[in-house]
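Asks: Below you will find the structure I want to go over with you.
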Amino acid sequence: MNRESRWLLSTRYLIVLAVLIIYLIPLFYLFNVSMKTQIEHLKSPVGLFEQFRFSNFSTAWKQGDFSKYIWNSLLYTVVSTLLSILLSLFAAFPIARRYVKFSNLIYLFFTMSLFLPNPLVPQFWLVNELGMYNEQWGYILLRTGGTGIAFLMFVGYIKSVSRELDEAAAIDGCGYLRYIFQILIPLVKPVMATGVMLTAIGVWNDIIGPTIYLSDNDYQPITRGLFAFYGQYLNNWPLLGCGIIIVAGPLIVLYVFIQRFLVSGALAGSVKI
Amino acid sequence: MALLMLPLLLYVIFAFGPSVATVFFSFTNATGLPGAEWHFVGFKNYDRLFNSSDQAERFRSIRNSLQFAFLVVLVQNVVGLFMALLVNRKLRADSFIRATYFLPVVLGVTVSGLVWRMMMNPLGGPLTELFKKLHLDTGFLSSYGASFEWVIFVQIWMYMGYSMTIFLAGLQSIPKDLYDAAYIDGTSRWQAFRHVTFPMIAPSTTVNLLLSIIGALQTFDIIYVLTNGGFNTRTLAFDIYRDAIANNTTADYGLASAGAMVLFLFVFAIALVSLVALRRREVDL
């Protein structure tokens with residue numbers, strides 16, 4: 001590739017940094033607020049914090065009842081992410097390999113929910129009829145039942161995995177389930193990491209779903225907890241800042257581990273739609 | 001192969017079935033009241049949607065939906081592609097930079113939304129302070145004139161990194177020797193972009209545009225978090241939720257379903273036209 005002039009390189013850095021600032025300032029501000037006392041904040045709302053006050057976090061943790069909410073969120077996120085990743089894989093493998101009749105049609109059928117009418121009303125009616133309203137398992141099942149982005153990515157990716165492995169495994173008498181768990185899953189790891197992350201993000205951050213389908217306060221996930229906390233402590237910004245960071249924390253940790261797979265995963269997902 | 005049946009069954013019961021059943025509900029007067037009788041009412045719900053006392057607000061919802069989709073799709077993808085081009089070549093700390101642009105997607109709508117509500121808070125929010133100094137309008141999320149534009153801004157802030165990542169994946173799949181060949185032939189930077197990069201990432205462009213068009217028309221969680229539909233920020237998608245569940249008096253299933261069908265017509269028409277145009281363009285390039 002031809003060399004970039006000094007002028008062009010500086011412009012590139014300048015723009016990238018300017019945009020970076022738009023992304024970092026809200027986050028820095030959040031941290032800044034969370035380290036203040038209420039008085040410090042009132043005196044100078046945009047000033048820098050005077051000292052680290054990590055005790056603010058434990059205050060927010062207790063006042064916001066986050067220990068209760070975080071368990072609900074973990075339950076919903078872990079169970080429905082695992083289930084829907086597994087189900088997506090079960091669906092994607094035979095379709096990508098055309099091991100079933102009408103594979104293309106089934107694929108199309110699965111992707112149709114992307115643009116079909118919003119199913120909210122019949123879904124809500126169904127949930128009530130099936131006794132799933134305000135039940136934890138009901139919410140988990142509902143979050144598992146659609147086709148997510150993971151399915152599309154799996155189909156795209158499995159198409160690029162060599163078919164010979166299937167045949168070799170079949171000749172060696174490897175069963176279908178064993179093949180999926182012992183051979184396919186290790187092969188699709190990069191795209192699976194992206195799939196897990198995007199699915200987990202979707203469940204962890206869901207705010208509309210729990211608002212609609214869970215009424216009991218004991219079943220609410222952390223997003224609802226945070227939303228209620230925000231309404232309750234509207235004037236105590238240091239506490240609010242801590243609450244927001246508490247909710248964001250677990251995902252940021254997951255993100256740090258999985259983000260290196262992101263671009264390769266996105267590549268697989270964008271093969272064909 | 002029996003394992004395919006399980007996801008298929010769940011999909012039909014919880015996603016596909018309910019989507020199709022929306023048509024049925026839109027022609028009934030069903031409500032959320034337990035045990036209430038319901039019957040078919042023809043097109044009455046559609047009539048109620050646009051010929052009631054809140055007519056003006058309903059039409060504003062349509063206009064808002066279209067404005068939201070147009071601006072979000074355009075800005076998110078143009079900026080996403082531009083940033084992808086900038087970070088695709090070597091930079092210091094490039095993986096940190098890419099990860100930061102994508103971070104709001106990870107943080108999610110509740111966290112991102114609440115952070116921006118703090119930033120724009122009329123009492124001491126840093127953005128408010130800054131705008132006051134610059135003598136700009138500080139109404140933000142609580143002004144009838146500008147709140148919807150600010151909702152759009154936060155939405156773009158949240159998902160620019162997502163578009164960028166898909167474009168980046170497309171850019172990285174372009175073989176380097178294509179550029180070598182182009183530059184030996186003396187092409188300029190712009191020509192290389194126009195005739196090599198742009199055609200090569202056509203599939204990423206199609207995916208990005210299509211997903212963001214559909215997504216932008218159907219999303220409403222950002223509105224729920226930022227304004228809860230106040231200050232003229234309702235859209236067609238928000239109205240479905242509002243009519244079905246949140247509009248406290250009665251859960252109006254018929255009206256909400258009719259709204260869902262109207263939104264569907266918009267999504268279907270716009271997505272179809274875009275898909276045909278994008279595919280034709282892919283072939284041309």
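Following the order of the structure tokens, first chain is A, next is B, and so on, with residues numbered from 1 inside each chain and ligands from 1 in the order they appear.
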Excluding Asn236 of chain A and residues on its chain fewer than 3 positions from it, collect all residues at most 10 Å away from it, counting only C-alpha atoms, and give them as a list of chain:residue names.
Replies: A:Val33, A:Ser34, A:Thr37, A:Gln38, A:Ile39, A:His41, A:Leu42, A:Tyr230, A:Gln232, A:Tyr233, A:Leu239, A:Leu240, A:Gly241
Asks: As a PyMOL selection string, please: every residue in segment 57-205 of chain A that a backbone DSSP assignment puts in helix (DSSP H, G or I).
Replies: chain A and resi 57-63+66-97+103-114+120-129+136-145+149-158+164-171+176-187+189-204
Asks: Excluding same-chain residues fewer than 5 positions from segment 272-284 of chain B, what lies within 8 Å of it counting only C-alpha atoms, as a list in words?
Replies: Pro199, Ala202, Pro203, Thr206 and Leu210 of chain B
Asks: Can you list, as number ranges by chain, every protein, DNA or RNA residue that comes within 8 Å of segment 228-235 of chain B when you count only C-alpha atoms, leaving out same-chain residues fewer than 5 positions away?
Replies: B: 57, 60-65, 141-144, 147-148, 151, 220, 223
Asks: Residues at most 7 Å from segment 244-261 of chain B, counting only C-alpha atoms, excluding those fewer than 6 positions away in the same chain, as a ChimeraX atom specification?
Replies: /A:117-118,121 /B:22-23,25-32,45-46,49,236
Asks: Could you write out the selected residues, including C-alpha atoms, as a JSON list (two decimals), in the first residue's frame?
Replies:
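Resulting contents of out31.json:
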```json
[["chain", "number", "residue", "atom", "x", "y", "z"],
["A", 117, "PRO", "CA", -45.28, -7.50, 12.49],
["A", 118, "ASN", "CA", -44.34, -6.78, 16.07],
["A", 121, "VAL", "CA", -49.99, -8.36, 21.59],
["B", 22, "THR", "CA", -51.30, -9.88, 14.95],
["B", 23, "VAL", "CA", -53.37, -9.60, 11.76],
["B", 25, "PHE", "CA", -56.07, -9.38, 16.62],
["B", 26, "SER", "CA", -56.09, -6.18, 14.60],
["B", 27, "PHE", "CA", -59.64, -6.98, 13.40],
["B", 28, "THR", "CA", -61.05, -7.66, 16.88],
["B", 29, "ASN", "CA", -61.97, -5.54, 19.85],
["B", 30, "ALA", "CA", -60.02, -7.76, 22.27],
["B", 31, "THR", "CA", -58.75, -6.09, 25.44],
["B", 32, "GLY", "CA", -56.61, -7.12, 28.37],
["B", 45, "ASN", "CA", -59.28, -0.32, 14.78],
["B", 46, "TYR", "CA", -57.55, 1.10, 11.73],
["B", 49, "LEU", "CA", -56.00, 4.78, 14.78],
["B", 236, "LEU", "CA", -45.17, 3.90, 15.69]]
```
Asks: For each of A:Leu184, A:Ile252, A:Leu87, A:Val16, take the minimum atom-to-atom distance to Leu10 of chain B, counting only C-alpha atoms, then give the residue where this is smallest.
Replies: A:Leu87
Asks: Using only C-alpha atoms, which of A:Lys101, A:Asp166, A:Asp218, A:Asn56 sits nearest Arg178 of chain A?
Replies: A:Asp166
Asks: For Phe66 of chain A, find every residue with an atom within 8 Å (counting only C-alpha atoms), except residues of its own chain fewer than 5 positions away, and show them as JSON, numbers by chain.
Replies: {"A": [61, 222, 225]}
Asks: Which residue, A:Met35, A:Val19, A:Leu198, A:Ile185, has the smallest gap to Gly80 of chain B when you use only C-alpha atoms?
Replies: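 Selected residue with least distance to Gly80 of chain B: A:Val19.
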Asks: Counting only C-alpha atoms, which of A:Ala228, A:Val100, A:Val161, A:Ala169 gets nearest to chain B?
Replies: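 Ranking A:Ala228, A:Val100, A:Val161, A:Ala169 by distance to chain B, first place goes to A:Val100.
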Asks: Near Tyr69 of chain A, counting only C-alpha atoms, which residues have an atom at most 12 Å away, once you skip same-chain residues fewer than 2 positions from it, shown as a ChimeraX atom specification?
Replies: /A:61-62,64-67,71-76,204,210,216-229,243,246-247
Asks: Between A:Gln63, A:Ser103, A:Ser10, A:Gln123, which one has atoms that come closest to chain B, using only C-alpha atoms?
Replies: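 Among A:Gln63, A:Ser103, A:Ser10, A:Gln123, it is A:Gln123 that comes nearest to chain B.
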